[in-house]
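Enquirer: One file is attached below, target-v6.cif, containing mmCIF, C-alpha atoms and all ligand atoms.
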data_input
#
loop_
_atom_site.label_atom_id
_atom_site.label_comp_id
_atom_site.auth_asym_id
_atom_site.auth_seq_id
_atom_site.Cartn_x
_atom_site.Cartn_y
_atom_site.Cartn_z
CA MET A 143 -5.10 -9.02 -18.05
CA GLY A 144 -3.53 -8.49 -21.41
CA LEU A 145 -1.29 -10.91 -23.29
CA SER A 146 2.44 -11.00 -22.70
CA GLY A 147 4.88 -9.82 -25.36
CA LEU A 148 5.74 -13.42 -26.30
CA GLN A 149 2.09 -14.41 -26.61
CA ILE A 150 1.49 -11.44 -28.89
CA TYR A 151 4.63 -12.24 -30.89
CA LYS A 152 3.23 -15.69 -31.74
CA LEU A 153 0.21 -13.99 -33.33
CA LEU A 154 2.28 -11.64 -35.54
CA PRO A 155 3.55 -12.51 -39.08
CA ARG A 156 7.16 -12.87 -37.76
CA THR A 157 8.75 -11.64 -40.99
CA ASN A 158 10.62 -8.72 -39.40
CA CYS A 159 9.75 -6.47 -42.37
CA LYS A 160 10.13 -3.34 -40.18
CA GLU A 161 7.10 -1.54 -41.67
CA CYS A 162 5.68 -0.99 -38.19
CA GLY A 163 8.70 1.15 -37.38
CA PHE A 164 10.32 -1.47 -35.16
CA PRO A 165 13.34 -3.59 -36.15
CA THR A 166 11.64 -6.92 -35.41
CA CYS A 167 8.20 -8.38 -34.84
CA LEU A 168 9.33 -9.25 -31.31
CA ALA A 169 10.24 -5.65 -30.53
CA PHE A 170 6.83 -4.57 -31.84
CA ALA A 171 5.11 -7.26 -29.73
CA MET A 172 6.88 -6.03 -26.58
CA LYS A 173 5.72 -2.49 -27.27
CA LEU A 174 2.16 -3.71 -27.84
CA ALA A 175 2.21 -5.58 -24.54
CA ALA A 176 3.34 -2.38 -22.82
CA ARG A 177 0.54 -0.51 -24.67
CA GLN A 178 3.10 1.76 -26.28
CA ALA A 179 2.21 0.85 -29.88
CA GLU A 180 -0.96 0.27 -31.90
CA LEU A 181 -1.74 -3.02 -33.57
CA SER A 182 -2.87 -1.13 -36.67
CA ASP A 183 0.79 -0.14 -37.24
CA CYS A 184 1.42 -3.64 -38.62
CA PRO A 185 -0.27 -3.91 -42.03
CA TYR A 186 0.20 -7.68 -42.24
CA VAL A 187 -1.49 -8.95 -39.12
CA SER A 188 -4.23 -11.48 -39.98
CA ASP A 189 -7.89 -10.91 -39.17
CA GLU A 190 -7.86 -13.93 -36.93
CA ALA A 191 -4.90 -12.65 -34.93
CA LYS A 192 -6.53 -9.22 -34.79
CA ALA A 193 -9.70 -10.68 -33.27
CA GLN A 194 -7.67 -12.58 -30.66
CA LEU A 195 -5.61 -9.55 -29.76
CA ASP A 196 -8.66 -7.28 -29.55
CA ALA A 197 -10.39 -9.78 -27.28
CA ALA A 198 -7.33 -9.95 -25.05
CA ALA A 199 -7.16 -6.17 -24.86
CA ALA A 200 -10.82 -5.91 -23.73
CA PRO A 201 -11.30 -5.11 -20.03
CA PRO A 202 -11.82 -8.23 -17.86
CA ILE A 203 -15.10 -6.80 -16.56
CA ARG A 204 -17.10 -5.18 -19.32
CA LEU A 205 -18.11 -1.54 -18.94
CA VAL A 206 -21.90 -1.30 -19.16
CA THR A 207 -23.84 1.95 -19.49
CA ILE A 208 -27.44 2.42 -18.39
CA GLY A 209 -29.71 5.43 -18.67
CA PRO A 210 -29.90 8.61 -20.72
CA GLU A 211 -26.68 10.45 -21.53
CA SER A 212 -27.47 13.23 -19.03
CA ARG A 213 -27.67 10.86 -16.03
CA LYS A 214 -25.97 7.75 -17.30
CA VAL A 215 -24.71 5.11 -14.91
CA GLU A 216 -21.51 3.33 -15.92
CA VAL A 217 -20.61 0.13 -14.12
CA GLY A 218 -17.92 -2.51 -14.52
CA ASN A 219 -14.41 -2.13 -15.94
CA GLU A 220 -12.83 -2.69 -12.55
CA THR A 221 -9.25 -3.86 -12.49
CA VAL A 222 -8.45 -4.80 -8.90
CA LEU A 223 -9.82 -6.97 -6.11
CA TYR A 224 -8.82 -4.59 -3.37
CA ARG A 225 -9.16 -0.85 -3.47
CA HIS A 226 -5.71 -0.28 -1.96
CA GLU A 227 -4.09 -2.09 -4.92
CA LYS A 228 -5.05 0.80 -7.20
CA THR A 229 -8.59 2.16 -7.06
CA PHE A 230 -12.20 1.22 -7.80
CA TYR A 231 -13.42 3.18 -10.80
CA HIS A 232 -17.16 2.90 -11.40
CA GLU A 233 -19.27 3.30 -8.32
CA PRO A 234 -22.37 1.12 -8.01
CA GLY A 235 -25.69 2.67 -8.99
CA PHE A 236 -28.47 2.83 -6.38
CA PHE A 237 -31.83 2.03 -7.93
CA TYR A 238 -35.20 1.89 -6.17
CA ARG A 239 -37.71 -0.78 -7.07
CA LEU A 240 -41.19 0.52 -7.85
CA SER A 241 -44.09 -1.71 -8.75
CA ASP A 242 -46.26 -0.89 -11.74
CA THR A 243 -49.28 -1.70 -9.55
CA LEU A 244 -48.86 1.72 -7.92
CA SER A 245 -51.41 4.24 -9.14
CA GLU A 246 -50.19 6.96 -11.46
CA GLN A 247 -50.25 9.51 -8.63
CA GLU A 248 -48.54 7.26 -6.11
CA PHE A 249 -45.93 6.29 -8.66
CA ALA A 250 -45.33 9.96 -9.51
CA ALA A 251 -44.96 10.85 -5.83
CA ARG A 252 -42.43 8.05 -5.19
CA LEU A 253 -40.56 8.97 -8.35
CA LYS A 254 -40.33 12.61 -7.32
CA GLU A 255 -39.05 11.72 -3.87
CA ILE A 256 -36.26 9.63 -5.39
CA ALA A 257 -35.40 12.04 -8.20
CA ASP A 258 -35.35 15.11 -5.93
CA TYR A 259 -33.12 13.68 -3.24
CA GLN A 260 -29.73 15.31 -3.36
CA VAL A 261 -27.11 16.01 -0.72
CA GLU A 262 -23.75 17.70 -0.91
CA ARG A 263 -20.76 16.12 0.74
CA VAL A 264 -17.22 17.45 0.46
CA GLY A 265 -18.40 19.69 -2.35
CA ILE A 266 -19.81 16.85 -4.43
CA ASP A 267 -23.52 16.34 -5.12
CA LEU A 268 -24.73 12.86 -4.24
CA SER A 269 -28.03 11.28 -5.25
CA ALA A 270 -29.80 8.01 -6.01
CA ASN A 271 -29.26 6.84 -9.58
CA GLY A 272 -32.54 5.56 -10.88
CA VAL A 273 -35.56 3.32 -10.55
CA ALA A 274 -36.26 -0.33 -11.29
CA ILE A 275 -39.82 -0.75 -12.49
CA GLU A 276 -41.33 -4.13 -11.85
CA ASN A 277 -44.10 -5.49 -14.01
CA ALA A 278 -46.00 -6.90 -11.02
CA SER A 279 -49.34 -6.09 -12.67
CA GLY A 280 -48.58 -8.58 -15.42
CA ASP A 281 -50.07 -6.07 -17.83
CA ALA A 282 -47.91 -4.72 -20.65
CA ALA A 283 -49.79 -1.43 -21.10
CA THR A 284 -49.66 -0.58 -17.38
CA PHE A 285 -45.95 -1.41 -17.34
CA ALA A 286 -45.31 0.82 -20.35
CA ALA A 287 -47.25 3.70 -18.76
CA ARG A 288 -45.14 3.60 -15.58
CA VAL A 289 -41.92 3.31 -17.58
CA LYS A 290 -42.95 6.39 -19.53
CA GLN A 291 -43.40 8.31 -16.27
CA ALA A 292 -39.93 7.36 -15.06
CA VAL A 293 -38.33 8.17 -18.40
CA ALA A 294 -40.05 11.58 -18.40
CA ALA A 295 -38.48 12.23 -15.00
CA GLY A 296 -35.08 11.76 -16.68
CA LEU A 297 -34.06 8.83 -14.47
CA PRO A 298 -32.15 5.78 -15.71
CA VAL A 299 -34.45 2.77 -15.53
CA ILE A 300 -34.22 -0.97 -15.06
CA LEU A 301 -37.14 -2.87 -16.56
CA ILE A 302 -38.11 -5.94 -14.53
CA SER A 303 -40.26 -8.53 -16.24
CA ASP A 304 -39.96 -12.16 -17.29
CA ASP A 305 -42.52 -11.65 -20.00
CA PRO A 306 -40.97 -10.72 -23.36
CA ALA A 307 -44.21 -9.02 -24.53
CA ALA A 308 -44.34 -6.74 -21.49
CA MET A 309 -40.61 -6.13 -21.82
CA GLU A 310 -41.02 -4.99 -25.40
CA ALA A 311 -43.77 -2.59 -24.35
CA GLY A 312 -41.44 -1.24 -21.66
CA LEU A 313 -38.56 -0.88 -24.10
CA LYS A 314 -40.76 1.03 -26.54
CA ALA A 315 -41.77 3.38 -23.74
CA ALA A 316 -38.14 3.90 -22.75
CA THR A 317 -36.82 5.20 -26.08
CA GLY A 318 -33.65 7.20 -25.57
CA ASN A 319 -33.19 5.98 -22.01
CA ARG A 320 -31.00 2.92 -22.62
CA PRO A 321 -32.74 0.87 -19.90
CA LEU A 322 -31.42 -2.36 -18.44
CA VAL A 323 -33.52 -5.34 -19.46
CA TYR A 324 -33.98 -7.56 -16.41
CA GLY A 325 -33.85 -10.21 -17.43
CA ALA A 326 -32.90 -13.27 -19.29
CA THR A 327 -33.41 -16.68 -17.70
CA ALA A 328 -32.95 -20.26 -18.91
CA GLU A 329 -36.58 -20.11 -20.06
CA ASN A 330 -36.75 -16.84 -21.96
CA TRP A 331 -33.15 -15.96 -22.88
CA GLU A 332 -33.56 -16.15 -26.65
CA LYS A 333 -36.47 -13.73 -26.72
CA MET A 334 -34.92 -11.38 -24.18
CA ALA A 335 -31.60 -11.41 -26.05
CA ALA A 336 -33.41 -10.60 -29.30
CA LEU A 337 -35.12 -7.64 -27.59
CA ALA A 338 -31.88 -6.41 -26.05
CA LYS A 339 -30.26 -6.55 -29.45
CA GLN A 340 -33.13 -4.87 -31.27
CA TYR A 341 -33.40 -2.02 -28.74
CA GLN A 342 -29.64 -1.84 -28.09
CA ALA A 343 -30.18 -2.22 -24.38
CA PRO A 344 -27.97 -4.02 -21.87
CA LEU A 345 -29.34 -7.32 -20.60
CA ALA A 346 -29.31 -8.72 -17.07
CA VAL A 347 -28.93 -12.49 -16.86
CA ARG A 348 -29.91 -14.75 -13.98
CA SER A 349 -29.75 -18.48 -13.51
CA SER A 350 -31.05 -20.83 -10.86
CA ASP A 351 -28.12 -23.17 -11.60
CA GLY A 352 -25.41 -21.22 -9.82
CA LEU A 353 -22.44 -19.64 -11.53
CA ASP A 354 -22.04 -22.54 -13.96
CA GLY A 355 -25.56 -22.00 -15.23
CA LEU A 356 -24.93 -18.28 -15.43
CA ALA A 357 -21.75 -18.73 -17.48
CA GLU A 358 -23.56 -21.08 -19.87
CA LEU A 359 -26.33 -18.55 -20.40
CA THR A 360 -24.06 -15.56 -20.99
CA ALA A 361 -22.03 -17.55 -23.52
CA LYS A 362 -25.20 -18.45 -25.41
CA ILE A 363 -26.51 -14.89 -25.29
CA GLN A 364 -23.19 -13.54 -26.47
CA GLY A 365 -23.45 -15.97 -29.35
CA LEU A 366 -26.60 -14.10 -30.39
CA GLY A 367 -24.65 -10.87 -30.57
CA VAL A 368 -25.46 -9.26 -27.21
CA GLU A 369 -22.28 -7.87 -25.64
CA ASP A 370 -23.54 -5.70 -22.79
CA MET A 371 -24.67 -7.92 -19.96
CA VAL A 372 -25.11 -7.67 -16.20
CA LEU A 373 -25.06 -10.72 -13.92
CA ASP A 374 -27.51 -11.58 -11.18
CA PRO A 375 -25.52 -14.17 -9.21
CA GLY A 376 -28.71 -15.39 -7.57
CA ALA A 377 -27.43 -15.65 -4.01
CA ASP A 378 -28.98 -13.24 -1.56
CA GLY A 379 -27.87 -13.80 2.05
CA TRP A 380 -24.84 -12.27 3.72
CA ALA A 381 -22.30 -15.09 3.44
CA GLU A 382 -23.39 -16.76 0.22
CA SER A 383 -23.67 -13.52 -1.73
CA LEU A 384 -20.28 -12.32 -0.48
CA LYS A 385 -18.80 -15.63 -1.59
CA ARG A 386 -20.37 -15.54 -5.04
CA LEU A 387 -19.56 -11.92 -5.71
CA THR A 388 -15.96 -12.50 -4.66
CA ILE A 389 -15.68 -15.58 -6.86
CA LEU A 390 -17.08 -13.59 -9.79
CA ARG A 391 -14.58 -10.80 -9.32
CA ARG A 392 -11.68 -13.23 -8.96
CA LEU A 393 -12.70 -15.25 -12.01
CA ALA A 394 -12.90 -12.11 -14.11
CA LEU A 395 -9.68 -10.51 -12.91
CA LYS A 396 -7.42 -13.44 -12.12
CA LYS A 397 -8.58 -16.00 -14.66
CA ASN A 398 -9.81 -13.59 -17.33
CA PHE A 399 -12.92 -15.76 -17.53
CA ARG A 400 -14.96 -13.94 -20.17
CA PRO A 401 -18.40 -15.54 -19.67
CA LEU A 402 -18.55 -14.00 -16.19
CA GLY A 403 -16.67 -10.78 -16.94
CA TYR A 404 -19.65 -8.47 -16.44
CA PRO A 405 -20.88 -6.11 -13.72
CA ILE A 406 -23.22 -7.52 -11.07
CA ILE A 407 -26.76 -6.58 -10.08
CA VAL A 408 -28.06 -7.32 -6.56
CA PHE A 409 -31.34 -7.01 -4.67
CA PRO A 410 -30.52 -6.76 -0.94
CA GLY A 411 -34.25 -6.60 -0.09
CA ARG A 412 -34.68 -10.20 -1.26
CA ALA A 413 -32.84 -11.57 1.79
CA ALA A 414 -33.34 -8.77 4.32
CA GLU A 415 -35.92 -9.01 7.07
CA ASP A 416 -36.47 -5.27 7.23
CA GLU A 417 -35.24 -2.05 5.70
CA ILE A 418 -32.37 -1.74 8.17
CA GLU A 419 -30.97 -5.11 7.18
CA GLU A 420 -31.54 -4.18 3.55
CA ALA A 421 -29.37 -1.07 3.96
CA LEU A 422 -26.67 -3.02 5.81
CA LEU A 423 -26.55 -5.67 3.13
CA ALA A 424 -26.40 -2.94 0.51
CA ALA A 425 -23.34 -1.59 2.33
CA GLN A 426 -21.67 -4.99 1.96
CA TYR A 427 -22.46 -4.89 -1.75
CA VAL A 428 -20.96 -1.41 -2.11
CA ALA A 429 -17.69 -2.72 -0.70
CA LYS A 430 -17.77 -6.07 -2.56
CA TYR A 431 -18.58 -6.04 -5.53
CA ALA A 432 -21.93 -4.89 -6.89
CA GLY A 433 -22.39 -2.71 -9.95
CA LEU A 434 -26.13 -2.09 -9.53
CA ILE A 435 -27.93 -2.21 -6.18
CA VAL A 436 -31.72 -2.34 -6.33
CA LEU A 437 -33.38 -1.33 -3.07
CA ASP A 438 -37.00 -1.66 -1.99
CA HIS A 439 -37.15 1.05 0.68
CA PHE A 440 -36.37 4.65 -0.11
CA ASP A 441 -35.34 6.52 3.00
CA PRO A 442 -32.86 9.41 3.13
CA ALA A 443 -31.75 8.09 6.55
CA SER A 444 -30.33 4.96 4.92
CA LEU A 445 -29.45 6.41 1.53
CA TYR A 446 -27.19 9.13 2.93
CA PRO A 447 -24.83 6.71 4.76
CA LEU A 448 -24.81 4.46 1.69
CA LEU A 449 -23.88 7.38 -0.55
CA THR A 450 -21.17 8.39 1.92
CA LEU A 451 -19.77 4.86 2.02
CA ARG A 452 -19.82 4.64 -1.75
CA GLN A 453 -18.05 7.97 -2.07
CA ASN A 454 -15.37 6.90 0.40
CA ILE A 455 -14.73 3.56 -1.25
CA TYR A 456 -14.71 4.91 -4.79
CA THR A 457 -12.35 7.78 -4.07
CA ASP A 458 -8.90 7.12 -5.45
CA PRO A 459 -6.77 6.56 -2.32
CA GLN A 460 -3.81 8.08 -4.13
CA LYS A 461 -5.72 11.26 -4.97
CA PRO A 462 -7.61 12.55 -1.94
CA ILE A 463 -10.43 14.94 -2.72
CA GLN A 464 -8.98 18.41 -2.37
CA VAL A 465 -10.08 22.01 -2.34
CA SER A 466 -7.94 24.78 -3.78
CA PRO A 467 -5.65 26.46 -1.30
CA GLY A 468 -6.48 30.10 -0.59
CA LEU A 469 -8.24 32.49 1.74
CA TYR A 470 -11.93 31.62 1.99
CA GLU A 471 -14.65 33.91 3.25
CA ILE A 472 -17.25 32.31 5.48
CA GLY A 473 -20.21 34.69 5.56
CA GLU A 474 -19.07 38.26 4.96
CA PRO A 475 -16.01 38.62 7.14
CA LYS A 476 -14.77 42.03 8.23
CA PRO A 477 -11.18 43.03 9.05
CA ASP A 478 -11.76 42.18 12.71
CA SER A 479 -13.30 38.73 12.00
CA PRO A 480 -11.44 35.67 13.28
CA LEU A 481 -8.89 33.90 11.09
CA LEU A 482 -8.60 30.14 11.15
CA VAL A 483 -6.15 27.97 9.25
CA THR A 484 -6.37 24.36 8.17
CA THR A 485 -5.38 21.96 5.36
CA ASN A 486 -6.85 21.48 1.87
CA PHE A 487 -8.22 17.94 2.39
CA SER A 488 -11.85 18.33 1.31
CA LEU A 489 -13.34 16.61 4.31
CA THR A 490 -11.29 18.84 6.63
CA TYR A 491 -12.26 21.97 4.74
CA PHE A 492 -15.98 21.17 4.68
CA SER A 493 -16.04 20.10 8.33
CA VAL A 494 -14.33 23.29 9.47
CA ALA A 495 -16.27 25.56 7.08
CA GLY A 496 -19.54 23.93 8.13
CA GLU A 497 -18.90 24.42 11.83
CA VAL A 498 -17.80 28.03 11.35
CA GLU A 499 -20.88 28.70 9.24
CA ALA A 500 -23.09 27.16 11.90
CA THR A 501 -21.92 29.78 14.41
CA GLY A 502 -23.43 32.48 12.20
CA ARG A 503 -20.27 34.49 12.77
CA PRO A 504 -18.35 35.53 9.64
CA ALA A 505 -14.73 34.39 9.56
CA TRP A 506 -11.66 34.03 7.36
CA LEU A 507 -10.54 30.51 6.61
CA LEU A 508 -7.01 30.12 5.31
CA ILE A 509 -6.51 26.86 3.44
CA CYS A 510 -2.91 25.70 3.11
CA ASP A 511 -1.72 23.43 0.35
CA SER A 512 -1.13 20.16 2.20
CA GLU A 513 -1.45 18.01 -0.93
CA GLY A 514 -4.96 17.02 0.11
CA MET A 515 -4.00 15.54 3.47
CA SER A 516 -5.90 15.95 6.70
CA VAL A 517 -4.36 17.91 9.56
CA LEU A 518 -2.53 15.17 11.46
CA THR A 519 -1.44 13.26 8.35
CA ALA A 520 -0.18 16.44 6.73
CA TRP A 521 1.66 17.47 9.87
CA ALA A 522 3.33 14.04 10.14
CA ALA A 523 4.32 14.22 6.47
CA GLY A 524 5.76 17.71 6.85
CA LYS A 525 3.09 19.23 4.61
CA PHE A 526 1.44 21.40 7.25
CA ASP A 527 4.10 23.17 9.25
CA ALA A 528 4.90 26.67 10.44
CA GLU A 529 6.77 27.53 7.25
CA ARG A 530 3.87 26.53 4.99
CA ILE A 531 1.31 28.37 7.08
CA ALA A 532 3.42 31.54 7.15
CA LYS A 533 3.88 31.26 3.39
CA ALA A 534 0.12 30.93 2.90
CA VAL A 535 -0.48 34.00 5.08
CA LYS A 536 1.87 36.01 2.88
CA GLN A 537 0.81 34.62 -0.49
CA ASN A 538 -2.85 35.30 0.17
CA GLY A 539 -2.35 38.88 1.35
CA VAL A 540 -3.97 38.08 4.70
CA GLU A 541 -2.30 41.00 6.47
CA SER A 542 -4.01 43.50 4.19
CA LYS A 543 -7.45 42.00 4.81
CA ILE A 544 -7.53 41.79 8.58
CA ASN A 545 -6.73 44.39 11.20
CA HIS A 546 -5.68 42.00 13.96
CA ARG A 547 -2.77 39.59 14.07
CA LYS A 548 -4.33 36.48 15.54
CA ILE A 549 -4.40 33.13 13.80
CA ILE A 550 -6.24 30.06 15.09
CA ILE A 551 -4.44 26.79 14.34
CA PRO A 552 -5.95 23.29 14.72
CA GLY A 553 -5.50 21.81 18.20
CA HIS A 554 -3.79 18.77 16.71
CA VAL A 555 -0.79 20.88 15.67
CA SER A 556 -0.43 22.89 18.87
CA SER A 557 3.25 21.89 18.89
CA ILE A 558 4.03 24.18 15.94
CA SER A 559 2.80 27.35 17.66
CA GLY A 560 6.31 28.34 18.81
CA GLU A 561 7.78 27.96 15.33
CA LEU A 562 4.86 29.79 13.81
CA GLU A 563 5.46 32.73 16.13
CA GLU A 564 8.97 32.89 14.77
CA GLU A 565 7.76 32.67 11.18
CA LEU A 566 5.08 35.30 11.76
CA PRO A 567 6.64 37.97 13.99
CA GLY A 568 4.07 40.11 15.79
CA TRP A 569 1.34 37.51 15.45
CA GLN A 570 -0.49 35.80 18.25
CA ILE A 571 -0.90 32.07 17.67
CA LEU A 572 -4.08 30.68 19.19
CA VAL A 573 -4.53 26.95 19.53
CA GLY A 574 -8.03 26.00 18.46
CA PRO A 575 -9.94 22.80 19.14
CA ARG A 576 -8.69 19.42 17.95
CA GLU A 577 -11.93 18.58 16.21
CA ALA A 578 -14.04 20.84 14.01
CA ILE A 579 -17.02 20.17 16.23
CA GLY A 580 -15.35 22.23 18.98
CA ILE A 581 -15.18 25.35 16.80
CA PRO A 582 -18.55 26.93 17.73
CA SER A 583 -17.80 27.02 21.47
CA PHE A 584 -14.23 28.13 20.76
CA LEU A 585 -15.39 31.04 18.60
CA LYS A 586 -17.97 32.07 21.16
CA ASN A 587 -15.11 32.95 23.48
CA PHE A 588 -13.03 34.58 20.75
CA ALA A 589 -12.74 38.30 21.36
S1 LIG A 601 5.13 -4.62 -39.61
FE1 LIG A 601 4.33 -6.49 -38.75
S2 LIG A 601 5.42 -8.07 -39.83
FE2 LIG A 601 6.56 -6.25 -40.17
S3 LIG A 601 8.06 -6.20 -38.51
FE3 LIG A 601 6.34 -5.07 -37.80
S4 LIG A 601 5.16 -6.54 -36.72
FE4 LIG A 601 6.55 -7.69 -37.96
#
Would you write the structure of this file as structure tokens?
Ligand code: SF4

Expert:
Amino acid sequence: MGLSGLQIYKLLPRTNCKECGFPTCLAFAMKLAARQAELSDCPYVSDEAKAQLDAAAAPPIRLVTIGPESRKVEVGNETVLYRHEKTFYHEPGFFYRLSDTLSEQEFAARLKEIADYQVERVGIDLSANGVAIENASGDAATFAARVKQAVAAGLPVILISDDPAAMEAGLKAATGNRPLVYGATAENWEKMAALAKQYQAPLAVRSSDGLDGLAELTAKIQGLGVEDMVLDPGADGWAESLKRLTILRRLALKKNFRPLGYPIIVFPGRAAEDEIEEALLAAQYVAKYAGLIVLDHFDPASLYPLLTLRQNIYTDPQKPIQVSPGLYEIGEPKPDSPLLVTTNFSLTYFSVAGEVEATGRPAWLLICDSEGMSVLTAWAAGKFDAERIAKAVKQNGVESKINHRKIIIPGHVSSISGELEEELPGWQILVGPREAIGIPSFLKNFA
């Protein structure tokens, strides 16, 4: 929440000297409020006013970066409470907690499992983000050795220790990784803040005195010059954590309350009875409002749905993921291979392409520009009709690539087959299945 034009005006010199290019200070203030001018255009603004205006222009939830440049995780800088208001920008990072009591080999094996896991969904590669290494051994050298292993694997790391000496050993071992220091408490905050500052690492802060205690701590730590912080709200169960995370988001966005304007770290395993509950709780945190989610159990069976959920929630609802329109080859289609048509919504494309591929039978897949909408939505919006399909057939030179004149349309738009016959004289319009899953049996019967 920035300042209004009038609030900004009160901070300007109010001499109307016009050097900023505007006739009055008020006009300049209005432009600043609308972010259509730069404060530096006024040469007379005082340092004090500058500091106030800069602070007001800062995002209500600070953007915090963790990890090496190549795999960095950026969290925070969200601007809305509800995704449908605009969008959520920085998806939460999934980190897996590993104890430094694991042997070197065991640790390496767990690390590899986490680092190697990758799945593709709607053309986008999804993976876990990093590891949180816990100094359960209590030994600084052991901690540093495990941190080194994780850093060598190229993963972003969170260093978990309450002991400043062990933390420093971990930070030294994590050079170039920009790890998250977890964390500062009422007991150790000065030492942890000094380390975070020295090693230029973000600092997680937790308090056993609720949100008031947390706000007090962050204010004190900020006073020592540490800007990048992450909050552990300290509530773990379903209802209490939802309440606290929601309060934090509201305070930051609606009240512009700076001491709690930071991304949030959560540990669903702390309250969960088993790994299934841990995954379910993590799902709640994806929706509301975690920045970093540290899990205890690595299992592709729970990570995949979490990654899918995260992808769905962090996709801009105004910009559906799309594929480029065109004629796609599935396998190595021949002139007599079947031709299917659908829309350019990514999920639609990948569902259809995946099912066709699974049949092992090469085919042509014509993707119409439906502005990224799925079949039924596009049809209802007039973006996937006979005219558009016929245009796509012509634009993509389909007639020169196939020797038959049969086109399979999605079952959901069977009603356009008559119009399509008119648009494509000489063509046979075949109504395919409603859902992509029906494609294999449909194609089996396709002559
Ligand atoms: S340059 Fe500064 S003082 Fe002069 S009119 Fe613009 S805002 Fe006002």

Enquirer: Residues within 10 Å of Leu390 in chain A, please, as a PyMOL selection string. Count all atoms listed in the file; anything in the same chain fewer than 2 positions from it doesn't count.

Expert: chain A and resi 203+353+373+375+384-388+392-396+399+402-406+431

Enquirer: Using only C-alpha atoms for the distances, tell me which of A:Arg320, A:Asn277, A:Pro155, A:Ser188 is nearest to Ile208 in chain A.

Expert: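 When distances to Ile208 in chain A are compared using only C-alpha atoms, the smallest one comes from A:Arg320.
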
Enquirer: For Leu359 in chain A, which residue among A:Pro504, A:Pro567, A:Gly411, A:Pro401 is the nearest when counting all atoms listed in the file?

Expert: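 Among the listed residues, the smallest separation from Leu359 in chain A belongs to A:Pro401.
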
Enquirer: Which protein, DNA or RNA residues have an atom within 9 Å of ligand LIG 601 (chain A), counting all atoms listed in the file, as a list in words?

Expert: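 Taking all atoms listed in the file into account, the residues around ligand LIG 601 (chain A) at most 9 Å away are Tyr151, Leu154, Pro155, Arg156, Thr157, Asn158, Cys159, Lys160, Glu161, Cys162, Gly163, Phe164, Pro165, Thr166, Cys167, Leu168, Ala169, Phe170, Ala171, Leu181, Asp183, Cys184, Pro185, Tyr186 and Val187 of chain A.
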
Enquirer: Identify, on the basis of only C-alpha atoms, every residue whose closest approach to Ala278 in chain A does not exceed 6 Å; exclude the query and any residue fewer than 2 positions from it along the same chain; express the result as a list in words.

Expert: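 Counting only C-alpha atoms, the residues come to Ser241, Glu276 and Gly280 of chain A.
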
Enquirer: Got a sec: who's within 9 Å of Val273 in chain A, counting only C-alpha atoms, leaving out chain neighbours fewer than 5 positions off, as a PyMOL selection string?

Expert: chain A and resi 236-240+253+256+292+297-301+436

Enquirer: Using all atoms listed in the file and a cutoff of 12 Å, can you tell me which residues are near (-16.0, 24.1, 10.1) in the file's coordinates, and write them out as an mmCIF file with C-alpha atoms, in the frame of the given file?

Expert:
data_model
loop_
_atom_site.group_PDB
_atom_site.id
_atom_site.type_symbol
_atom_site.label_atom_id
_atom_site.label_comp_id
_atom_site.auth_asym_id
_atom_site.auth_seq_id
_atom_site.Cartn_x
_atom_site.Cartn_y
_atom_site.Cartn_z
ATOM 1 C CA VAL A 264 -17.220 17.450 0.460
ATOM 2 C CA TYR A 470 -11.930 31.620 1.990
ATOM 3 C CA ILE A 472 -17.250 32.310 5.480
ATOM 4 C CA LEU A 482 -8.600 30.140 11.150
ATOM 5 C CA VAL A 483 -6.150 27.970 9.250
ATOM 6 C CA THR A 484 -6.370 24.360 8.170
ATOM 7 C CA THR A 485 -5.380 21.960 5.360
ATOM 8 C CA SER A 488 -11.850 18.330 1.310
ATOM 9 C CA LEU A 489 -13.340 16.610 4.310
ATOM 10 C CA THR A 490 -11.290 18.840 6.630
ATOM 11 C CA TYR A 491 -12.260 21.970 4.740
ATOM 12 C CA PHE A 492 -15.980 21.170 4.680
ATOM 13 C CA SER A 493 -16.040 20.100 8.330
ATOM 14 C CA VAL A 494 -14.330 23.290 9.470
ATOM 15 C CA ALA A 495 -16.270 25.560 7.080
ATOM 16 C CA GLY A 496 -19.540 23.930 8.130
ATOM 17 C CA GLU A 497 -18.900 24.420 11.830
ATOM 18 C CA VAL A 498 -17.800 28.030 11.350
ATOM 19 C CA GLU A 499 -20.880 28.700 9.240
ATOM 20 C CA ALA A 500 -23.090 27.160 11.900
ATOM 21 C CA THR A 501 -21.920 29.780 14.410
ATOM 22 C CA GLY A 502 -23.430 32.480 12.200
ATOM 23 C CA ARG A 503 -20.270 34.490 12.770
ATOM 24 C CA PRO A 504 -18.350 35.530 9.640
ATOM 25 C CA ALA A 505 -14.730 34.390 9.560
ATOM 26 C CA TRP A 506 -11.660 34.030 7.360
ATOM 27 C CA LEU A 507 -10.540 30.510 6.610
ATOM 28 C CA LEU A 508 -7.010 30.120 5.310
ATOM 29 C CA ILE A 509 -6.510 26.860 3.440
ATOM 30 C CA PRO A 552 -5.950 23.290 14.720
ATOM 31 C CA GLY A 574 -8.030 26.000 18.460
ATOM 32 C CA PRO A 575 -9.940 22.800 19.140
ATOM 33 C CA ARG A 576 -8.690 19.420 17.950
ATOM 34 C CA GLU A 577 -11.930 18.580 16.210
ATOM 35 C CA ALA A 578 -14.040 20.840 14.010
ATOM 36 C CA ILE A 579 -17.020 20.170 16.230
ATOM 37 C CA GLY A 580 -15.350 22.230 18.980
ATOM 38 C CA ILE A 581 -15.180 25.350 16.800
ATOM 39 C CA PRO A 582 -18.550 26.930 17.730
ATOM 40 C CA SER A 583 -17.800 27.020 21.470
ATOM 41 C CA PHE A 584 -14.230 28.130 20.760
ATOM 42 C CA LEU A 585 -15.390 31.040 18.600
#
